[in-house]
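Before any comments, here is the structure.
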Amino acid sequence: GCKKRQSARPRIALVMKSLANEFFKTMEDGARAHHKQHAGQYDLIAVGIKDELDVAQQIKLVEQMVAQGAGAIVIAPADSKALVPACKRAMDAGVVVINIDNKFDEAVLADKQVSIPFVGPDNRKGARLAGEHLAGKLKAGDEVAIIEGAPNTFNGIQRKLGFEDAMKAAGANIVSSQSGYWEMARANQVVSAILTEHLNLKALLCANDSMALGAVAATKAAGKSDAILIVGFDNISAVQELLKEGGILCTVDQHADKLAVYGIEYALEMLAKEGAPADKETPVDLITAETL
Amino acid sequence: MATTENERRATSIERRRLPSMPAFVADYLGMALALAVLLVIFGLAAGNFFTLTNFRTIANQVSDTTIVAVGMTFVLIIAGIDLSVGSVMALAGAVLGTCMVRFGLPLPIAIAACLAAGIVCGLANGLVVTRWRLPPFIVTLGMLEIARGAAHLVTDSQTKYIGSAVGVIAGRGLLIPFIVAVIIVILGQLVLSRTVFGRYIVAVGTNEEAVRLSGIDPRPIKLGVFVLCGFLTAIAAVISTARMEAADPNAGAGLELRAIAAVVIGGTSLMGGRGSVVSSFFGVLIIAVLEAGLSQMGVGEPTKRVITGCVIIAAVILDQYRHRIRKTPKP
Amino acid sequence: MATTENERRATSIERRRLPSMPAFVADYLGMALALAVLLVIFGLAAGNFFTLTNFRTIANQVSDTTIVAVGMTFVLIIAGIDLSVGSVMALAGAVLGTCMVRFGLPLPIAIAACLAAGIVCGLANGLVVTRWRLPPFIVTLGMLEIARGAAHLVTDSQTKYIGSAVGVIAGRGLLIPFIVAVIIVILGQLVLSRTVFGRYIVAVGTNEEAVRLSGIDPRPIKLGVFVLCGFLTAIAAVISTARMEAADPNAGAGLELRAIAAVVIGGTSLMGGRGSVVSSFFGVLIIAVLEAGLSQMGVGEPTKRVITGCVIIAAVILDQYRHRIRKTPKP
Amino acid sequence: MEAGSTETILTARGISKSFPGVQALSGVDFDLRAGEVHALVGENGAGKSTLACIIAGVAKQDTGQMELGGQPYSPASRADAEARGVRMVMQELHLIANLTVAENIFIEKLPNRFGIVDYGKLNGAAIQIMEQVGLADIDPATAVSSLGIGQQQMVEIAAGLSRQCRILALDEPTASLTDKEIELLFYQIKRLKADRVGIIYISHRIEEVMHIADRVTVLRDGRLISARPTHRLTSNGIINMMVGRDLEQVQLRHAGEVGPVALSVQGLNLGDKVRDVSFEVHRGEILGVAGLMGSGRTETMRAIFGADRADSGSVYLSGDTQAAQITSPRDAVRSGIAFLTEDRKGQGLLLPMAIRKNISLMRLDDVSRFGWMDESRERSVADRQAEALSIRCSSTEQSAAELSGGNQQKVVIAKWLYRDCDVLIFDEPTKGIDVGAKFEIYNQLGKLAEKGKAIIFVSSDLKELMAVCDRIMVMSAGTVAGIFDRDRWSRQKIMAAALSGSVADSV
Ligand SMILES: Nc1ncnc2c1ncn2[C@@H]1O[C@H](COP(=O)(O)OP(=O)(O)OP(=O)(O)O)[C@@H](O)[C@H]1O
Ligand SMILES: Nc1ncnc2c1ncn2[C@@H]1O[C@H](COP(=O)(O)OP(=O)(O)OP(=O)(O)O)[C@@H](O)[C@H]1O
Ligand SMILES: [Mg+2]
Ligand SMILES: [Mg+2]
């Protein structure tokens, strides 16, 4: 922060969700790498919150970044509704806001009469990809369960919908759908309970990889690792090994490292020319043992 | 001789009353100094720290924690603790949001319902604590779970977006939340040090048995403190909901520990009997400035946590020395 | 006359020694009963509850909480509290994971490093608490932040997947974690009630000043308890890492409150001086069975939290009555 | 003295009360007339406090009836009793440390306007009350926590006096007071008598009772032994009724062989409480320490024991040329110094724990093997100690909290005797202890001295010091005002020394 006040260089604030989550950590690293290459073009402040649920803290961060004189805020909102007013205020203060990762709620945006461009992947599509890959290994009527993310997050809901789309298309039977609140230990507990209750379960679709890890441990403990297929999401480093071993069937890569970069580039673009904002979709890829 | 005696005593009392002002100042001087040091450090280290917007931002951000910390100060003084404030804040906010969004009730009625929710939670805490003489720690731990669950049930686990219908309270640019918080701090300090209720609170925290043996029932006093804490938490919920224009069932997670940390940094004893509302306010400010400064400097979250933890411990160590210097040394 | 006095005393001691066995059983009977009631309810309400796999699953799941609860029991008996156990568990696990994955160290060395991390955290807590006589609540609250930050720094915020290299410890099907936990419970209870150290712990928790004025330095005792708690937390970290085959820097969030709830449900006093390790174990089992049963019944998370909260409060109310019946009312 | 008052304001008939294992009171009758001082005497555990507590609504009797002014009287709580004009100053201090003196005195009814305390009025009223009990020098706005224990006792009494009442029970009000304060207290009692207040006065100091009481009721083991006007009693007669047997006359200890110096204190300083204190005590000697309340005796002993860190000064043990390094009680005990605190409940005992565990605490190595407790050995050790001091308990498994004050004190002594130190400092060991037990303790002191132990005996009761000590050191305002040998002292000389430095200056 010592090289400050070169008004020519805009400050771009990257406000992420929980840096306790590897996904955002990767995002941050990607952004920092990009910044290193383009150090002359902008200053970067990357911040995140303690845990995914701490919406108030993230609002504080947005406000602080405005106070800090950021020219643009690239935000991965922890809550798709509650962050809108804060972002609107930032925009009113002349800050460019780019939404990445977790899309703002349309209705709220409409109510606030703002439009914030979204740069990010289609989570529903990603989840459907993973689900379809899984479906290839299932028969119609097979029992499956979904481990959802936190119920108030947009991407959590999208992933759940994507899984459901694929499972319905394949004719699988979703016997249980419970939230693991994105956490490994919580998911482990929930999965254990589901395994006890549903003895014929064939597959578990987890809305992120942390929960998939918890699910893997639970199936191992129950002695069912061979019988149950597990699907994750996010492609964190910890699952690479498991993908190779077959402990996890597949996961989805949304290119976290690129996500922030797309957002930052978009922000720079908008700062340069005050163009009408449009959404921009980033790629999602299915990762399996073969693609590694 | 009696007259000279009395005169002497009268003057000595006068003398006492006057130098109490510096003592009063000394009480807060340490905290103010710590705050000033932080401000200077961040002023030098982070660009744009010394700006009006930044202070305005911090001021509005601390308002809900401040109000909760006032309630927590009272609870700690009676040697209690309230771990449920975070959940109760979420529940009260959830009630507010649901009243407005789902039932379309007008703001004043929704606020009344929100405050009622806070009071009911405080009442439940207080009744269980006093009726069965249970440790507040465990009772409010139970309430932490109950209120959080209730908040999710009320909102169906969905953030309720309310919009400017409630946002008006936060009155942009006017610092209304901060002003409300400051007024509550001042009122709280007056209640504590100048009213019969306040003195009874200190008395109950110091020696509950002695209070009971003096023919004063400590239970209504304790009950009152828990209700007050619930009520203030609900006010904090109104303010935070207004600031976000949305009610989030996950709001206030971890708020209890943050509020307790702030209150203790302010020098209030966890053993009860000793505390000051104004000092708690300083405690809140110190933590808030620290967090704001660190995030503006772009310090990573893990490092931030390590620093915050160290500052909490350092603050209570300093407080310890402050007390030792003021009292005669008792090892 | 003196002889009759003595005879009376002698017989009364005899009388006391015999009925102490039933008293011992009565201590645990209430808890065992509560557990049995829960089991029956879930056996009827949830299918597949009474299966070997289910009990095996629950048994392995409770092992880490149980071990932490043993440490927490000791801490509560000296009238302390340790809010940092969740974070310390994450840090110790993170050290284990990083040693194996990043530095490729063999399991025994990694485990040694992990245990060392837990001991260092406990030592830090204990030293700060005893050196400056600070309330353990606030010191361990600071450590909660520090250890969590450190866990993220150590792992670079990445979950470390270790695989069966560590999984062997959990020994599928063999219930090793559960057996370790039970052994620790038994050892813990023996240390508490049969050793000099245990006697000192209870004495310090009862009246620290009286212990000090008896020429016994209470500080090494308190320090020892915090170190023990850190050490047991690290053992829990080894076991939970082995179960998950992965080290997660976010592990153990909220563990401190869960462990405290379990210990208090078991009847250990938050005021210090009174507690039992075996009862804490029952407390852990009650909460675990409750949670497992409710999730098997498909009860939603919010409702689960409400029920858990109510059970926590109900348990301590019952404990209160149990104590009142055993003691006669005091004026 | 008779005051001609025959109007009985309180009668109690057949009061019984039992605690687990103890029949505290059995079928006791008691009555109190307006304007009389009715003393309750008896050994420790005789049931005096229990009876007073029942009258004041603090405890509830199992059987028996009471009448107050002709009306049936059965208070549900202390507040209830106070509403009917019955008040009590309890044996234990019940002040609120963090409130001011004035707030404590008027805690029940803080003068206020719309809930806001009127401090002018409060402090003004407090000054008046405090003047009456000789606390004129204390600012009513100071926190009680900064007062000495004797001053706190006076504040407690002041609080009792501040309220209008028909009956006032004083449970051992003089236990930690010195003659000067006792005089003030008696003056107040006489004033109340003139206002026709009935006073129940509990004390172990027989001469006090002879002086102030109109009637004396003697309790023994919870039974009524006698209730007679004072002028028909003698001190010895009362003592005989209390203990149920004749006590030999106060036996002056014969000064035995005094050995070499066991402990020497040189130039000890601690704030303004202890100023340049030097003295020595020999093996086989009992050194008495006298002084007024607040003269710094407790502080001096705490500093020697390492409980508080002295600013300067040194302590030499048994002729050592090197000063002992005592920075904590642990060091002191290791050097063979024992210290029995004056506050036995707060600092001496582990109240909820068994007597056995209290006694063995300091020598657990003696009742354990390789760190594991040997409980049967511990039990036999505890039983032996309890017997040696005739601690009255149902067994050593009973918790210390359930004992009467005197027996609790005996547990503390038992614990220190078991530790077996060479230098023993007793701070007010006979405070609130009955005559029988007092003599037992004097005997113990004598025996210990014979065994060659050095004993420092701090007491506010000059008579007992003069009866058992070889020398008496008098402290005044934190300094040593004089050390008197057995054949050179007199009550007058000692009092003069105690009053030599103004205590008020040090407050
Ligand atoms: N709360 C209690 N629980 C159990 N036993 C009690 C309790 N209070 C008093 N006792 C017992 O009742 C008996 C009478 O006690 P009490 O305090 O009335 O004696 P006392 O005459 O006031 O003695 P002291 O002179 O030591 O104060 C004692 O044997 C005591 O052990
Ligand atoms: N806990 C305390 N905090 C502050 N000051 C104290 C405390 N205890 C005692 N003092 C002060 O120390 C001085 C001496 O104490 P103390 O009254 O105990 O002396 P003492 O000579 O042992 O008298 P006694 O034991 O007869 O009351 C008093 O003036 C008192 O105000
Ligand atoms: Mg008594
Ligand atoms: Mg003293």
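Labeling convention for the structure tokens: chains A, B, ... as they appear, residues from 1 per chain, ligands from 1 in order of appearance.
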Check every protein, DNA and RNA residue against ligand 1, keep those with an atom at most 6 Å away (counting only C-alpha atoms and all ligand atoms), and present them as JSON, numbers by chain.
-> {"C": [330], "D": [19, 20, 22, 24, 43, 44, 45, 46, 47, 48, 49, 50, 402, 403, 404, 405, 406, 432, 433, 434]}
For the residues in that selection, give me N, CA, C and O atoms as a PDB file, in the first residue's frame.
```pdb
ATOM      1  N   LYS C 330     -30.980 -25.743  51.355  1.00  0.00           N
ATOM      2  CA  LYS C 330     -30.254 -24.838  52.262  1.00  0.00           C
ATOM      3  C   LYS C 330     -31.044 -23.551  52.405  1.00  0.00           C
ATOM      4  O   LYS C 330     -31.571 -23.043  51.427  1.00  0.00           O
TER       5      LYS C 330
ATOM      6  N   PHE D  19     -30.083 -29.843  60.619  1.00  0.00           N
ATOM      7  CA  PHE D  19     -29.365 -29.872  59.353  1.00  0.00           C
ATOM      8  C   PHE D  19     -28.925 -31.314  59.151  1.00  0.00           C
ATOM      9  O   PHE D  19     -28.908 -32.082  60.111  1.00  0.00           O
ATOM     10  N   PRO D  20     -28.551 -31.673  57.947  1.00  0.00           N
ATOM     11  CA  PRO D  20     -28.155 -33.064  57.740  1.00  0.00           C
ATOM     12  C   PRO D  20     -27.101 -33.485  58.753  1.00  0.00           C
ATOM     13  O   PRO D  20     -26.036 -32.905  58.830  1.00  0.00           O
ATOM     14  N   VAL D  22     -27.014 -33.064  61.894  1.00  0.00           N
ATOM     15  CA  VAL D  22     -26.888 -32.240  63.097  1.00  0.00           C
ATOM     16  C   VAL D  22     -28.263 -31.755  63.552  1.00  0.00           C
ATOM     17  O   VAL D  22     -29.058 -31.290  62.742  1.00  0.00           O
ATOM     18  N   ALA D  24     -29.411 -28.859  65.172  1.00  0.00           N
ATOM     19  CA  ALA D  24     -28.850 -27.567  65.551  1.00  0.00           C
ATOM     20  C   ALA D  24     -29.602 -26.975  66.742  1.00  0.00           C
ATOM     21  O   ALA D  24     -29.009 -26.346  67.620  1.00  0.00           O
ATOM     22  N   GLU D  43     -21.153 -22.681  73.225  1.00  0.00           N
ATOM     23  CA  GLU D  43     -19.979 -23.096  72.472  1.00  0.00           C
ATOM     24  C   GLU D  43     -20.227 -22.989  70.971  1.00  0.00           C
ATOM     25  O   GLU D  43     -21.351 -22.796  70.536  1.00  0.00           O
ATOM     26  N   ASN D  44     -19.174 -23.212  70.214  1.00  0.00           N
ATOM     27  CA  ASN D  44     -19.347 -23.269  68.763  1.00  0.00           C
ATOM     28  C   ASN D  44     -20.320 -24.379  68.424  1.00  0.00           C
ATOM     29  O   ASN D  44     -20.243 -25.467  68.986  1.00  0.00           O
ATOM     30  N   GLY D  45     -21.212 -24.055  67.520  1.00  0.00           N
ATOM     31  CA  GLY D  45     -22.159 -25.067  67.099  1.00  0.00           C
ATOM     32  C   GLY D  45     -23.281 -25.286  68.084  1.00  0.00           C
ATOM     33  O   GLY D  45     -24.070 -26.216  67.935  1.00  0.00           O
ATOM     34  N   ALA D  46     -23.381 -24.399  69.088  1.00  0.00           N
ATOM     35  CA  ALA D  46     -24.443 -24.560  70.079  1.00  0.00           C
ATOM     36  C   ALA D  46     -25.800 -24.214  69.482  1.00  0.00           C
ATOM     37  O   ALA D  46     -26.830 -24.628  69.996  1.00  0.00           O
ATOM     38  N   GLY D  47     -25.798 -23.444  68.394  1.00  0.00           N
ATOM     39  CA  GLY D  47     -27.047 -23.102  67.736  1.00  0.00           C
ATOM     40  C   GLY D  47     -27.449 -21.649  67.879  1.00  0.00           C
ATOM     41  O   GLY D  47     -28.578 -21.279  67.547  1.00  0.00           O
ATOM     42  N   LYS D  48     -26.521 -20.830  68.339  1.00  0.00           N
ATOM     43  CA  LYS D  48     -26.849 -19.409  68.548  1.00  0.00           C
ATOM     44  C   LYS D  48     -27.233 -18.725  67.241  1.00  0.00           C
ATOM     45  O   LYS D  48     -28.293 -18.095  67.129  1.00  0.00           O
ATOM     46  N   SER D  49     -26.368 -18.883  66.252  1.00  0.00           N
ATOM     47  CA  SER D  49     -26.636 -18.225  64.969  1.00  0.00           C
ATOM     48  C   SER D  49     -27.909 -18.768  64.351  1.00  0.00           C
ATOM     49  O   SER D  49     -28.705 -18.021  63.771  1.00  0.00           O
ATOM     50  N   THR D  50     -28.109 -20.052  64.491  1.00  0.00           N
ATOM     51  CA  THR D  50     -29.299 -20.658  63.904  1.00  0.00           C
ATOM     52  C   THR D  50     -30.561 -20.054  64.517  1.00  0.00           C
ATOM     53  O   THR D  50     -31.504 -19.705  63.794  1.00  0.00           O
ATOM     54  N   GLU D 402     -20.418 -27.372  55.980  1.00  0.00           N
ATOM     55  CA  GLU D 402     -21.521 -27.704  56.876  1.00  0.00           C
ATOM     56  C   GLU D 402     -21.161 -27.526  58.352  1.00  0.00           C
ATOM     57  O   GLU D 402     -22.018 -27.723  59.218  1.00  0.00           O
ATOM     58  N   LEU D 403     -19.918 -27.176  58.649  1.00  0.00           N
ATOM     59  CA  LEU D 403     -19.513 -27.045  60.052  1.00  0.00           C
ATOM     60  C   LEU D 403     -19.821 -25.649  60.582  1.00  0.00           C
ATOM     61  O   LEU D 403     -19.960 -24.694  59.825  1.00  0.00           O
ATOM     62  N   SER D 404     -19.884 -25.563  61.906  1.00  0.00           N
ATOM     63  CA  SER D 404     -20.023 -24.240  62.514  1.00  0.00           C
ATOM     64  C   SER D 404     -18.680 -23.536  62.429  1.00  0.00           C
ATOM     65  O   SER D 404     -17.637 -24.163  62.194  1.00  0.00           O
ATOM     66  N   GLY D 405     -18.729 -22.217  62.634  1.00  0.00           N
ATOM     67  CA  GLY D 405     -17.519 -21.412  62.469  1.00  0.00           C
ATOM     68  C   GLY D 405     -16.339 -21.928  63.259  1.00  0.00           C
ATOM     69  O   GLY D 405     -15.222 -22.021  62.739  1.00  0.00           O
ATOM     70  N   GLY D 406     -16.577 -22.279  64.511  1.00  0.00           N
ATOM     71  CA  GLY D 406     -15.478 -22.729  65.355  1.00  0.00           C
ATOM     72  C   GLY D 406     -14.856 -24.013  64.866  1.00  0.00           C
ATOM     73  O   GLY D 406     -13.635 -24.175  64.873  1.00  0.00           O
ATOM     74  N   GLY D 432     -14.350 -15.649  66.924  1.00  0.00           N
ATOM     75  CA  GLY D 432     -15.633 -16.337  66.813  1.00  0.00           C
ATOM     76  C   GLY D 432     -15.588 -17.765  67.300  1.00  0.00           C
ATOM     77  O   GLY D 432     -16.310 -18.622  66.789  1.00  0.00           O
ATOM     78  N   ILE D 433     -14.734 -18.044  68.258  1.00  0.00           N
ATOM     79  CA  ILE D 433     -14.625 -19.414  68.760  1.00  0.00           C
ATOM     80  C   ILE D 433     -15.091 -19.441  70.206  1.00  0.00           C
ATOM     81  O   ILE D 433     -14.848 -18.499  70.958  1.00  0.00           O
ATOM     82  N   ASP D 434     -15.754 -20.510  70.600  1.00  0.00           N
ATOM     83  CA  ASP D 434     -16.281 -20.554  71.960  1.00  0.00           C
ATOM     84  C   ASP D 434     -15.172 -20.784  72.979  1.00  0.00           C
ATOM     85  O   ASP D 434     -14.059 -21.157  72.638  1.00  0.00           O
TER      86      ASP D 434
END
```
Could you please select, counting only C-alpha atoms, the residues of chain A within 9 Å of chain C and state them as a PyMOL selection string?
-> chain A and resi 19-23+25+176+178-179+183-185+188-190+192-199+210+213-218+220-223+236-242
If the cut-off is 6 Å, can you tell me the residues of chain D near chain C, counting only C-alpha atoms? I'd like them as a CSV table (one decimal) with all heavy atoms, in the first residue's frame.
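Full text of selection15.csv as output:
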```
chain,number,residue,atom,x,y,z
D,59,ALA,N,-33.5,-18.2,58.2
D,59,ALA,CA,-33.8,-19.7,58.1
D,59,ALA,C,-35.2,-20.0,58.6
D,59,ALA,O,-35.8,-19.1,59.2
D,59,ALA,CB,-32.7,-20.4,59.0
D,329,PRO,N,3.8,-17.9,49.1
D,329,PRO,CA,3.5,-18.7,50.2
D,329,PRO,C,4.2,-20.1,50.1
D,329,PRO,O,4.5,-20.7,51.1
D,329,PRO,CB,2.0,-18.9,50.1
D,329,PRO,CG,1.5,-17.6,49.4
D,329,PRO,CD,2.6,-17.3,48.4
D,330,ARG,N,4.4,-20.5,48.8
D,330,ARG,CA,5.1,-21.8,48.6
D,330,ARG,C,6.5,-21.8,49.2
D,330,ARG,O,6.9,-22.7,49.9
D,330,ARG,CB,5.1,-22.1,47.1
D,330,ARG,CG,5.7,-23.4,46.8
D,330,ARG,CD,5.3,-23.7,45.3
D,330,ARG,NE,6.1,-24.8,44.8
D,330,ARG,CZ,7.3,-24.7,44.3
D,330,ARG,NH1,7.8,-23.5,44.1
D,330,ARG,NH2,8.0,-25.7,43.8
D,333,VAL,N,6.2,-21.9,53.1
D,333,VAL,CA,5.9,-23.2,53.7
D,333,VAL,C,7.1,-24.1,53.5
D,333,VAL,O,7.4,-24.8,54.5
D,333,VAL,CB,4.6,-23.8,53.0
D,333,VAL,CG1,4.4,-25.2,53.4
D,333,VAL,CG2,3.4,-22.9,53.3
D,347,GLN,N,-10.2,-17.8,52.7
D,347,GLN,CA,-8.8,-18.1,52.3
D,347,GLN,C,-8.3,-19.3,53.0
D,347,GLN,O,-7.1,-19.7,52.7
D,347,GLN,CB,-8.0,-16.9,52.7
D,347,GLN,CG,-8.4,-15.6,52.1
D,347,GLN,CD,-7.6,-14.4,52.6
D,347,GLN,OE1,-7.0,-14.4,53.6
D,347,GLN,NE2,-7.6,-13.4,51.7
D,348,GLY,N,-9.0,-19.9,53.9
D,348,GLY,CA,-8.4,-21.0,54.6
D,348,GLY,C,-8.9,-22.4,54.2
D,348,GLY,O,-8.2,-23.4,54.2
D,350,LEU,N,-11.4,-25.2,51.7
D,350,LEU,CA,-12.1,-25.5,50.4
D,350,LEU,C,-13.4,-26.0,50.9
D,350,LEU,O,-13.7,-27.1,51.2
D,350,LEU,CB,-11.3,-26.7,49.7
D,350,LEU,CG,-9.8,-26.4,49.5
D,350,LEU,CD1,-9.1,-27.6,49.0
D,350,LEU,CD2,-9.7,-25.3,48.4
D,371,GLY,N,2.0,-40.6,42.8
D,371,GLY,CA,1.0,-39.7,42.3
D,371,GLY,C,-0.4,-40.2,42.4
D,371,GLY,O,-1.3,-39.5,42.1
D,372,TRP,N,-0.6,-41.5,42.9
D,372,TRP,CA,-1.9,-42.0,43.1
D,372,TRP,C,-2.3,-41.9,44.6
D,372,TRP,O,-1.5,-42.2,45.4
D,372,TRP,CB,-2.0,-43.5,42.6
D,372,TRP,CG,-1.9,-43.5,41.2
D,372,TRP,CD1,-0.8,-43.5,40.4
D,372,TRP,CD2,-3.0,-43.6,40.2
D,372,TRP,NE1,-1.1,-43.5,39.1
D,372,TRP,CE2,-2.4,-43.6,38.9
D,372,TRP,CE3,-4.4,-43.7,40.3
D,372,TRP,CZ2,-3.2,-43.6,37.8
D,372,TRP,CZ3,-5.1,-43.7,39.2
D,372,TRP,CH2,-4.5,-43.7,37.9
D,373,MET,N,-3.5,-41.4,44.8
D,373,MET,CA,-4.0,-41.2,46.2
D,373,MET,C,-4.1,-42.6,46.9
D,373,MET,O,-4.6,-43.5,46.3
D,373,MET,CB,-5.3,-40.5,46.2
D,373,MET,CG,-5.3,-39.1,45.6
D,373,MET,SD,-4.3,-38.0,46.5
D,373,MET,CE,-4.9,-38.2,48.2
D,394,SER,N,-20.0,-35.2,61.6
D,394,SER,CA,-20.5,-36.5,61.5
D,394,SER,C,-19.5,-37.5,61.0
D,394,SER,O,-19.5,-38.7,61.4
D,394,SER,CB,-21.8,-36.6,60.7
D,394,SER,OG,-21.5,-36.1,59.4
D,395,SER,N,-18.6,-37.1,60.2
D,395,SER,CA,-17.4,-37.8,59.8
D,395,SER,C,-16.5,-36.9,59.0
D,395,SER,O,-16.9,-35.8,58.6
D,395,SER,CB,-17.8,-39.0,58.9
D,395,SER,OG,-17.8,-38.7,57.5
```
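Interatomic distance, atom CA of Gly478 of chain D to atom CA of Asp272 of chain D: 6.9 Å.
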For chain C, report every residue with an atom at most 7 Å from chain B (counting only C-alpha atoms), formatted as number ranges by chain.
-> C: 132, 138-139, 142-143, 145-146, 149-150, 152-153, 261, 302-303, 305-306, 308-310, 312-313, 317
Within 12 Å of Ala267 of chain A, counting only C-alpha atoms, which residues qualify if same-chain residues fewer than 2 places away don't, as a VMD selection string?
-> chain A and resid 10 to 14 41 to 42 44 70 to 75 95 to 100 116 to 119 260 to 265 269 to 275 277 to 278 280
Run DSSP on the backbone and grab whatever in segment 25-157 of chain C lands in helix (DSSP H, G or I); send it over as a PyMOL selection string.
-> chain C and resi 25-45+52-77+85-101+107-132+136-155
Shell of 7 Å around Leu205 of chain A, only C-alpha atoms, local chain residues under 6 positions omitted, as a ChimeraX atom specification | /A:145-147,230-232
